[in-house]
file upload_6.txt (compact mmCIF, C-alpha atoms and all ligand atoms)
# COMPACT_ATOMS: atom_id res chain seq x y z
CA MET O 1 -78.10 23.83 10.25
CA SER O 2 -75.11 26.02 9.54
CA SER O 3 -73.47 24.86 12.78
CA LEU O 4 -73.49 21.24 11.65
CA PRO O 5 -70.48 19.93 9.75
CA ARG O 6 -71.21 19.89 6.06
CA ALA O 7 -72.30 16.55 4.61
CA PRO O 8 -69.60 14.79 2.58
CA VAL O 9 -69.38 14.52 -1.19
CA ALA O 10 -69.14 10.96 -2.52
CA ILE O 11 -66.39 10.19 -5.01
CA VAL O 12 -67.07 6.88 -6.73
CA ALA O 13 -64.53 5.12 -8.92
CA ALA O 14 -65.03 2.08 -11.10
CA MET O 15 -61.46 0.84 -11.04
CA HIS O 16 -59.26 -0.10 -8.12
CA GLU O 17 -56.27 1.84 -9.48
CA GLU O 18 -58.26 5.05 -9.54
CA LEU O 19 -59.45 4.70 -6.00
CA SER O 20 -55.98 3.94 -4.66
CA ALA O 21 -54.64 7.09 -6.32
CA LEU O 22 -57.38 9.14 -4.63
CA LEU O 23 -56.89 7.45 -1.27
CA ALA O 24 -53.20 8.27 -1.35
CA GLN O 25 -54.25 11.94 -1.24
CA MET O 26 -56.57 11.52 1.74
CA PRO O 27 -54.60 12.18 4.93
CA ASP O 28 -57.17 10.91 7.42
CA GLU O 29 -59.22 8.26 5.64
CA GLN O 30 -61.09 5.77 7.80
CA ARG O 31 -62.49 2.56 6.41
CA VAL O 32 -66.13 1.65 7.00
CA ARG O 33 -67.20 -1.68 5.55
CA VAL O 34 -70.80 -1.97 4.32
CA ALA O 35 -72.30 -4.45 1.85
CA GLY O 36 -68.90 -5.95 1.15
CA ARG O 37 -67.45 -2.60 0.12
CA ASP O 38 -64.88 -0.35 1.75
CA PHE O 39 -66.17 3.21 2.15
CA TRP O 40 -63.29 5.57 2.89
CA VAL O 41 -64.36 8.54 5.00
CA GLY O 42 -62.01 11.50 5.18
CA HIS O 43 -60.96 14.69 3.41
CA LEU O 44 -59.66 15.62 -0.02
CA GLN O 45 -58.62 19.21 -0.72
CA GLY O 46 -60.02 20.07 2.71
CA GLN O 47 -63.51 18.85 1.73
CA PRO O 48 -65.29 16.04 3.59
CA VAL O 49 -65.57 13.09 1.21
CA VAL O 50 -66.51 9.43 1.12
CA ALA O 51 -64.56 7.51 -1.52
CA VAL O 52 -65.67 4.09 -2.66
CA LEU O 53 -65.18 1.53 -5.38
CA SER O 54 -68.60 0.72 -6.82
CA ARG O 55 -67.51 -2.39 -8.71
CA ILE O 56 -68.79 -2.99 -12.21
CA GLY O 57 -72.36 -2.95 -13.52
CA LYS O 58 -75.70 -1.33 -12.80
CA VAL O 59 -76.68 -3.33 -9.72
CA ALA O 60 -73.29 -2.76 -8.10
CA ALA O 61 -73.67 0.95 -8.85
CA ALA O 62 -77.20 1.12 -7.43
CA VAL O 63 -76.22 -0.59 -4.17
CA THR O 64 -73.24 1.72 -3.78
CA ALA O 65 -75.34 4.85 -4.35
CA THR O 66 -78.00 3.69 -1.90
CA VAL O 67 -75.48 3.02 0.86
CA LEU O 68 -73.75 6.37 0.23
CA ILE O 69 -77.05 8.19 0.68
CA GLU O 70 -78.61 6.12 3.48
CA ARG O 71 -75.53 5.42 5.61
CA PHE O 72 -73.26 8.33 4.85
CA GLY O 73 -75.76 11.10 4.10
CA VAL O 74 -73.72 12.37 1.16
CA ARG O 75 -74.85 15.67 -0.37
CA ALA O 76 -73.77 14.74 -3.90
CA ILE O 77 -72.29 11.80 -5.78
CA VAL O 78 -69.59 12.20 -8.42
CA PHE O 79 -68.62 9.20 -10.52
CA THR O 80 -65.24 9.09 -12.18
CA GLY O 81 -64.15 6.29 -14.49
CA VAL O 82 -63.64 5.21 -18.08
CA ALA O 83 -66.06 4.70 -20.97
CA GLY O 84 -66.18 3.70 -24.61
CA GLY O 85 -66.61 6.53 -27.11
CA LEU O 86 -69.68 6.29 -29.39
CA ALA O 87 -70.24 9.62 -31.16
CA PRO O 88 -67.77 10.21 -34.02
CA GLY O 89 -65.73 13.00 -32.40
CA VAL O 90 -65.33 11.31 -29.01
CA LYS O 91 -61.81 9.87 -29.05
CA VAL O 92 -59.53 7.96 -26.69
CA GLY O 93 -58.18 10.36 -24.07
CA ASP O 94 -61.16 12.75 -24.26
CA VAL O 95 -63.39 13.41 -21.28
CA VAL O 96 -67.18 13.18 -21.29
CA VAL O 97 -69.13 14.97 -18.57
CA ALA O 98 -72.75 13.80 -18.59
CA THR O 99 -75.67 16.18 -18.88
CA GLU O 100 -78.08 13.24 -18.80
CA LEU O 101 -77.91 9.47 -18.51
CA LEU O 102 -79.94 6.58 -19.93
CA GLN O 103 -79.95 2.78 -19.54
CA HIS O 104 -79.48 1.51 -23.08
CA ASP O 105 -80.43 -2.06 -22.11
CA MET O 106 -83.73 -1.12 -20.44
CA ASP O 107 -86.56 -2.37 -22.63
CA ALA O 108 -90.04 -3.14 -21.30
CA SER O 109 -91.69 -2.53 -24.67
CA PRO O 110 -94.40 -2.79 -25.75
CA LEU O 111 -95.72 -2.09 -22.24
CA PHE O 112 -93.52 0.99 -21.96
CA PRO O 113 -91.51 2.92 -24.54
CA LYS O 114 -88.05 1.49 -25.10
CA HIS O 115 -85.48 2.78 -22.55
CA GLU O 116 -88.17 4.15 -20.25
CA VAL O 117 -87.77 2.98 -16.65
CA PRO O 118 -91.16 1.38 -15.92
CA LEU O 119 -93.37 3.33 -13.53
CA MET O 120 -90.95 6.25 -13.41
CA GLY O 121 -92.16 7.63 -16.72
CA MET O 122 -88.67 8.60 -17.79
CA ALA O 123 -85.74 7.25 -19.75
CA ARG O 124 -83.26 10.08 -19.29
CA PHE O 125 -82.01 11.15 -15.89
CA ALA O 126 -80.55 14.63 -15.61
CA ALA O 127 -77.12 15.07 -14.11
CA ASP O 128 -76.53 18.04 -11.81
CA ALA O 129 -75.79 20.98 -14.11
CA ALA O 130 -73.74 23.04 -11.66
CA ILE O 131 -71.36 20.21 -10.76
CA GLY O 132 -71.17 19.09 -14.41
CA ASN O 133 -70.33 22.59 -15.62
CA ALA O 134 -67.67 22.96 -12.95
CA LEU O 135 -66.14 19.57 -13.84
CA ALA O 136 -66.15 20.40 -17.54
CA ALA O 137 -64.46 23.73 -16.84
CA VAL O 138 -61.67 22.16 -14.77
CA ALA O 139 -61.31 19.38 -17.37
CA ALA O 140 -60.85 21.89 -20.19
CA ASP O 141 -58.21 23.62 -18.11
CA VAL O 142 -56.30 20.52 -16.97
CA LEU O 143 -56.37 18.80 -20.41
CA ARG O 144 -54.74 21.78 -22.10
CA ASP O 145 -51.39 20.22 -21.17
CA PRO O 146 -51.65 16.42 -21.45
CA VAL O 147 -47.88 15.94 -21.16
CA ALA O 148 -47.87 17.64 -17.75
CA LEU O 149 -50.81 15.48 -16.74
CA VAL O 150 -49.75 11.98 -17.83
CA GLY O 151 -46.20 12.32 -19.18
CA GLN O 152 -44.78 12.19 -22.71
CA GLN O 153 -44.61 8.40 -22.80
CA ALA O 154 -48.35 7.93 -22.16
CA VAL O 155 -49.20 10.75 -24.58
CA ASP O 156 -47.24 8.93 -27.30
CA GLU O 157 -48.40 5.43 -26.39
CA PHE O 158 -52.09 6.34 -26.50
CA SER O 159 -51.82 9.13 -29.10
CA LEU O 160 -53.37 11.71 -26.79
CA ARG O 161 -53.36 14.74 -29.01
CA GLN O 162 -55.41 17.71 -27.86
CA PRO O 163 -57.84 15.80 -25.64
CA GLY O 164 -61.35 17.24 -25.86
CA VAL O 165 -64.11 17.73 -23.30
CA HIS O 166 -67.68 16.81 -24.28
CA ARG O 167 -71.01 17.44 -22.55
CA GLY O 168 -74.05 15.33 -23.33
CA LEU O 169 -75.78 11.97 -23.08
CA LEU O 170 -73.97 9.07 -21.39
CA VAL O 171 -75.54 5.61 -21.73
CA SER O 172 -75.10 2.64 -19.42
CA GLY O 173 -75.84 -1.07 -19.61
CA ASP O 174 -74.68 -4.40 -18.28
CA ARG O 175 -72.50 -5.09 -21.31
CA PHE O 176 -68.94 -4.22 -22.22
CA VAL O 177 -69.45 -2.92 -25.76
CA SER O 178 -66.56 -4.21 -27.82
CA THR O 179 -67.86 -4.84 -31.32
CA THR O 180 -68.32 -2.34 -34.11
CA ALA O 181 -71.73 -3.86 -34.83
CA GLU O 182 -73.03 -3.17 -31.34
CA SER O 183 -71.49 0.27 -31.21
CA GLU O 184 -73.17 1.16 -34.52
CA ALA O 185 -76.49 -0.22 -33.33
CA LEU O 186 -76.30 1.97 -30.23
CA GLN O 187 -75.46 5.02 -32.32
CA ARG O 188 -78.39 4.38 -34.63
CA GLU O 189 -80.76 3.94 -31.72
CA LEU O 190 -79.40 6.83 -29.65
CA PRO O 191 -77.75 9.28 -32.05
CA ASP O 192 -76.94 11.80 -29.34
CA ALA O 193 -75.16 9.29 -27.07
CA LEU O 194 -71.54 10.37 -26.57
CA ALA O 195 -70.20 7.35 -24.71
CA VAL O 196 -71.13 4.03 -23.15
CA GLU O 197 -70.27 2.55 -19.76
CA MET O 198 -71.81 0.23 -17.18
CA GLU O 199 -72.78 2.22 -14.05
CA GLY O 200 -73.70 5.86 -14.48
CA ALA O 201 -77.39 5.70 -15.36
CA ALA O 202 -78.09 3.29 -12.50
CA MET O 203 -76.58 5.72 -10.01
CA ALA O 204 -78.47 8.55 -11.65
CA GLN O 205 -81.74 6.68 -11.13
CA VAL O 206 -81.03 6.12 -7.42
CA CYS O 207 -80.02 9.76 -7.01
CA GLN O 208 -83.23 10.83 -8.77
CA ASP O 209 -85.27 8.73 -6.31
CA TYR O 210 -83.55 10.38 -3.35
CA GLY O 211 -83.23 13.90 -4.77
CA VAL O 212 -79.44 13.84 -4.41
CA PRO O 213 -77.31 15.65 -7.05
CA PHE O 214 -75.33 13.33 -9.30
CA ALA O 215 -72.52 13.95 -11.77
CA ALA O 216 -70.51 11.60 -13.97
CA MET O 217 -67.19 12.21 -15.66
CA ARG O 218 -65.62 9.59 -17.89
CA THR O 219 -62.27 9.34 -19.62
CA ILE O 220 -62.62 7.62 -22.99
CA SER O 221 -60.55 4.43 -22.84
CA ASP O 222 -61.71 2.81 -26.08
CA ARG O 223 -64.05 3.31 -29.02
CA ALA O 224 -66.42 0.49 -28.00
CA ASP O 225 -65.56 -1.34 -31.24
CA ASP O 226 -63.59 -4.29 -32.57
CA ALA O 227 -60.41 -2.26 -32.30
CA ALA O 228 -60.90 -1.41 -28.63
CA HIS O 229 -57.26 -1.40 -27.63
CA GLY O 230 -56.15 -4.40 -25.61
CA ASP O 231 -54.21 -2.38 -23.10
CA PHE O 232 -57.23 -1.33 -21.12
CA ALA O 233 -55.55 -1.93 -17.74
CA ARG O 234 -52.50 0.13 -18.69
CA PHE O 235 -54.68 2.96 -19.97
CA VAL O 236 -56.51 3.08 -16.64
CA VAL O 237 -53.27 3.27 -14.67
CA GLU O 238 -51.31 5.56 -17.01
CA VAL O 239 -54.04 7.93 -18.13
CA ALA O 240 -57.50 7.60 -16.59
CA SER O 241 -56.45 7.47 -12.95
CA ARG O 242 -54.28 10.57 -13.42
CA TYR O 243 -57.12 12.43 -15.13
CA SER O 244 -59.48 11.44 -12.30
CA LEU O 245 -57.16 12.55 -9.57
CA ALA O 246 -56.36 15.87 -11.23
CA LEU O 247 -59.97 16.67 -12.15
CA VAL O 248 -61.62 15.58 -8.91
CA GLY O 249 -58.93 17.39 -6.92
CA ALA O 250 -59.25 20.58 -8.97
CA TRP O 251 -63.04 20.48 -8.70
CA LEU O 252 -63.03 19.93 -4.93
CA ALA O 253 -60.62 22.84 -4.59
CA THR O 254 -63.22 25.13 -6.21
CA LEU O 255 -65.82 24.35 -3.51
CA PRO O 256 -66.19 26.79 -0.63
CA ALA O 257 -64.07 25.90 2.39
CA GLN O 258 -65.85 23.66 4.87
CA ASP O 259 -66.08 26.24 7.63
CA ALA O 260 -67.23 29.11 5.44
CA GLY O 261 -70.42 29.05 7.48
CA SER O 262 -73.05 29.13 4.75
CA GLY O 263 -73.61 25.38 4.76
CA ALA O 264 -74.91 25.72 1.21
CA ALA O 265 -74.54 22.67 -0.96
CA THR O 266 -72.16 22.67 -3.90
N1 LIG S 1 -61.02 -5.55 -18.69
C1 LIG S 1 -61.59 -4.76 -17.64
C2 LIG S 1 -63.05 -4.66 -17.92
C3 LIG S 1 -63.78 -3.75 -17.03
S1 LIG S 1 -65.40 -3.52 -17.57
C4 LIG S 1 -61.29 -5.41 -16.30
O1 LIG S 1 -61.05 -6.59 -16.30
O2 LIG S 1 -61.24 -4.73 -15.27
C5 LIG S 1 -65.30 -1.94 -18.16
C6 LIG S 1 -65.45 -0.83 -17.17
O3 LIG S 1 -65.14 0.36 -17.86
C7 LIG S 1 -66.87 -0.66 -16.68
O4 LIG S 1 -66.83 -0.19 -15.35
C8 LIG S 1 -67.48 0.36 -17.65
O5 LIG S 1 -68.22 1.34 -16.96
C9 LIG S 1 -66.30 1.01 -18.34
N2 LIG S 1 -66.21 0.89 -19.80
C10 LIG S 1 -65.14 1.29 -20.53
N3 LIG S 1 -65.30 1.02 -21.82
C11 LIG S 1 -66.52 0.45 -21.95
C12 LIG S 1 -67.24 -0.09 -23.09
N4 LIG S 1 -66.72 -0.07 -24.32
N5 LIG S 1 -68.46 -0.64 -22.86
C13 LIG S 1 -68.96 -0.69 -21.61
N6 LIG S 1 -68.31 -0.21 -20.52
C14 LIG S 1 -67.10 0.35 -20.68
call {"tool": "encode", "arguments": {"input": "upload_6.txt", "output": "structure tokens"}}
result
Amino acid sequence: MSSLPRAPVAIVAAMHEELSALLAQMPDEQRVRVAGRDFWVGHLQGQPVVAVLSRIGKVAAAVTATVLIERFGVRAIVFTGVAGGLAPGVKVGDVVVATELLQHDMDASPLFPKHEVPLMGMARFAADAAIGNALAAVAADVLRDPVALVGQQAVDEFSLRQPGVHRGLLVSGDRFVSTTAESEALQRELPDALAVEMEGAAMAQVCQDYGVPFAAMRTISDRADDAAHGDFARFVVEVASRYSLALVGAWLATLPAQDAGSGAAT
């Protein structure tokens, strides 16, 4: 086994701008088209990776994860994207690294408890702790200097003062949460939820089925409320894609070099 090349890590982005920033750093990427998606096979920071745009929503995420595992044999999947902040201290420009993920729109009650995935007996899917801890550590380091990361103009425009790093529950559903009423309802129902997005928990479920480590890191783009700032697209380009690139790059650089010989995952 140690003589085989190490299996790649999957880097999944939700937004086109994020993926193009990553691809620009991959010297040797080769496109493989499966299920209407472009999977980019190559290297980042000397590590074998497959980069792909999942598209938006839980089904899109599940298909992407399945193809990554079945066709590309990835040894771990890392999702990087944006999310709406739910918990009070989770502000625009912060980063949330999931410890566990839940589908907030899963509800087969009264046959099964609310949020439980029927016949799996679970509502919360654990993210890989080692990858999550490593991502949180590089995030804390990189976010110490937001001006160096995104520039003074973006720091001012989006009021990025002392961005924080949070670890905890990330919830996913097929809804863009953009009203205060819905955000408050989610917080009442799931008081420990830090942020809401539309893909993570679906990927976590697929990874659980296959026994493949999964991690999710999200930059907070909005507060999932009525005031969710209109300049979502600009935030993704100016802030989130730069965070993603810096954090994913810094994390990959911490992994043992490909030819170290141990072949050990992560
Ligand atoms: N206006 C954007 C909308 C994208 S949907 C566009 O046209 O491209 C939002 C994406 O960001 C999803 O992939 C989701 O995972 C994440 N997201 C960010 N904020 C969110 C919120 N408040 N609720 C749900 N998903 C959110």
call {"tool": "residues_near_ligand", "arguments": {"input": "upload_6.txt", "ligand": "ligand LIG 1 (chain S)", "cutoff": "7 Å", "atoms": "all atoms listed in the file", "output": "NGL selection string"}}
result
:O and (14-15 or 56-57 or 81-84 or 175-178 or 196-199 or 221-224 or 232-233)
call {"tool": "residues_around", "arguments": {"input": "upload_6.txt", "residues": "Thr179 of chain O", "least_positions_apart": "4", "cutoff": "8 Å", "atoms": "all atoms listed in the file", "output": "JSON list (two decimals) with C-alpha atoms, in the frame of the given file"}}
result
[["chain", "number", "residue", "atom", "x", "y", "z"],
["O", 183, "SER", "CA", -71.49, 0.27, -31.21],
["O", 224, "ALA", "CA", -66.42, 0.49, -28.00],
["O", 225, "ASP", "CA", -65.56, -1.34, -31.24],
["O", 226, "ASP", "CA", -63.59, -4.29, -32.57],
["O", 227, "ALA", "CA", -60.41, -2.26, -32.30]]
call {"tool": "atom_distance", "arguments": {"input": "upload_6.txt", "atom1": "atom CA of Arg71 of chain O", "atom2": "atom CA of Met106 of chain O"}}
result
28.1 Å
call {"tool": "closest_residue", "arguments": {"input": "upload_6.txt", "among": "O:Val142, O:Val212, O:Leu53, O:Val32", "to": "Ala7 of chain O", "atoms": "all atoms listed in the file"}}
result
O:Val212
call {"tool": "closest_residue", "arguments": {"input": "upload_6.txt", "among": "O:Ser159, O:Ala60, O:Gly36, O:Gly73", "to": "Pro48 of chain O", "atoms": "only C-alpha atoms"}}
result
O:Gly73
call {"tool": "closest_residue", "arguments": {"input": "upload_6.txt", "among": "O:Ser241, O:Gln103, O:Gln152, O:Thr219", "to": "Lys58 of chain O", "atoms": "all atoms listed in the file"}}
result
O:Gln103
call {"tool": "closest_atom_pairs", "arguments": {"input": "upload_6.txt", "of": "segment 19-84 of chain O", "to": "segment 126-129 of chain O", "cutoff": "12 Å", "atoms": "all atoms listed in the file", "output": "tab-separated table"}}
result
residue	atom	partner	partner_atom	distance
O:Arg75	CA	O:Asp128	CA	11.8
O:Ala76	CA	O:Asp128	CA	9.0
O:Ile77	CA	O:Asp128	CA	9.7
O:Val78	CA	O:Asp128	CA	9.7
O:Phe79	CA	O:Ala127	CA	10.9
call {"tool": "residues_around", "arguments": {"input": "upload_6.txt", "residues": "Asp38 of chain O", "least_positions_apart": "3", "cutoff": "10 Å", "atoms": "only C-alpha atoms", "output": "number ranges by chain"}}
result
O: 30-35, 41, 50-54
call {"tool": "atom_distance", "arguments": {"input": "upload_6.txt", "atom1": "atom CA of Ala253 of chain O", "atom2": "atom CA of Lys91 of chain O"}}
result
27.7 Å
call {"tool": "residues_around", "arguments": {"input": "upload_6.txt", "residues": "Ala240 of chain O", "least_positions_apart": "2", "cutoff": "12 Å", "atoms": "only C-alpha atoms", "output": "MDAnalysis selection string"}}
result
chainID O and resid 13:19 21 80:83 92:95 143 146 149:150 154:155 158 160 217:222 232:238 242:248
call {"tool": "atom_distance", "arguments": {"input": "upload_6.txt", "atom1": "atom CA of Met26 of chain O", "atom2": "atom CA of Ala202 of chain O"}}
result
27.1 Å
call {"tool": "closest_residue", "arguments": {"input": "upload_6.txt", "among": "O:Ala216, O:Ile131, O:Val96, O:Leu22", "to": "Gly249 of chain O", "atoms": "all atoms listed in the file"}}
result
O:Leu22
call {"tool": "closest_residue", "arguments": {"input": "upload_6.txt", "among": "O:Phe125, O:Phe112, O:Phe39, O:Trp251", "to": "Pro213 of chain O", "atoms": "only C-alpha atoms"}}
result
O:Phe125
call {"tool": "residues_near_point", "arguments": {"input": "upload_6.txt", "point": "(-67.7, 10.2, -30.0)", "cutoff": "9 Å", "atoms": "all atoms listed in the file", "output": "PyMOL selection string"}}
result
chain O and resi 84-91+166+193-195+223
call {"tool": "write_last_selection", "arguments": {"input": "upload_6.txt", "atoms": "C-alpha atoms", "output": "short mmCIF file (atom, residue, chain, number, x, y, z; two decimals), in the coordinates of the input"}}
result
data_model
loop_
_atom_site.label_atom_id
_atom_site.label_comp_id
_atom_site.auth_asym_id
_atom_site.auth_seq_id
_atom_site.Cartn_x
_atom_site.Cartn_y
_atom_site.Cartn_z
CA GLY O 84 -66.18 3.70 -24.61
CA GLY O 85 -66.61 6.53 -27.11
CA LEU O 86 -69.68 6.29 -29.39
CA ALA O 87 -70.24 9.62 -31.16
CA PRO O 88 -67.77 10.21 -34.02
CA GLY O 89 -65.73 13.00 -32.40
CA VAL O 90 -65.33 11.31 -29.01
CA LYS O 91 -61.81 9.87 -29.05
CA HIS O 166 -67.68 16.81 -24.28
CA ALA O 193 -75.16 9.29 -27.07
CA LEU O 194 -71.54 10.37 -26.57
CA ALA O 195 -70.20 7.35 -24.71
CA ARG O 223 -64.05 3.31 -29.02
#
call {"tool": "closest_residue", "arguments": {"input": "upload_6.txt", "among": "O:Val97, O:Glu70, O:Gly211, O:Ala228", "to": "Thr180 of chain O", "atoms": "all atoms listed in the file"}}
result
O:Ala228
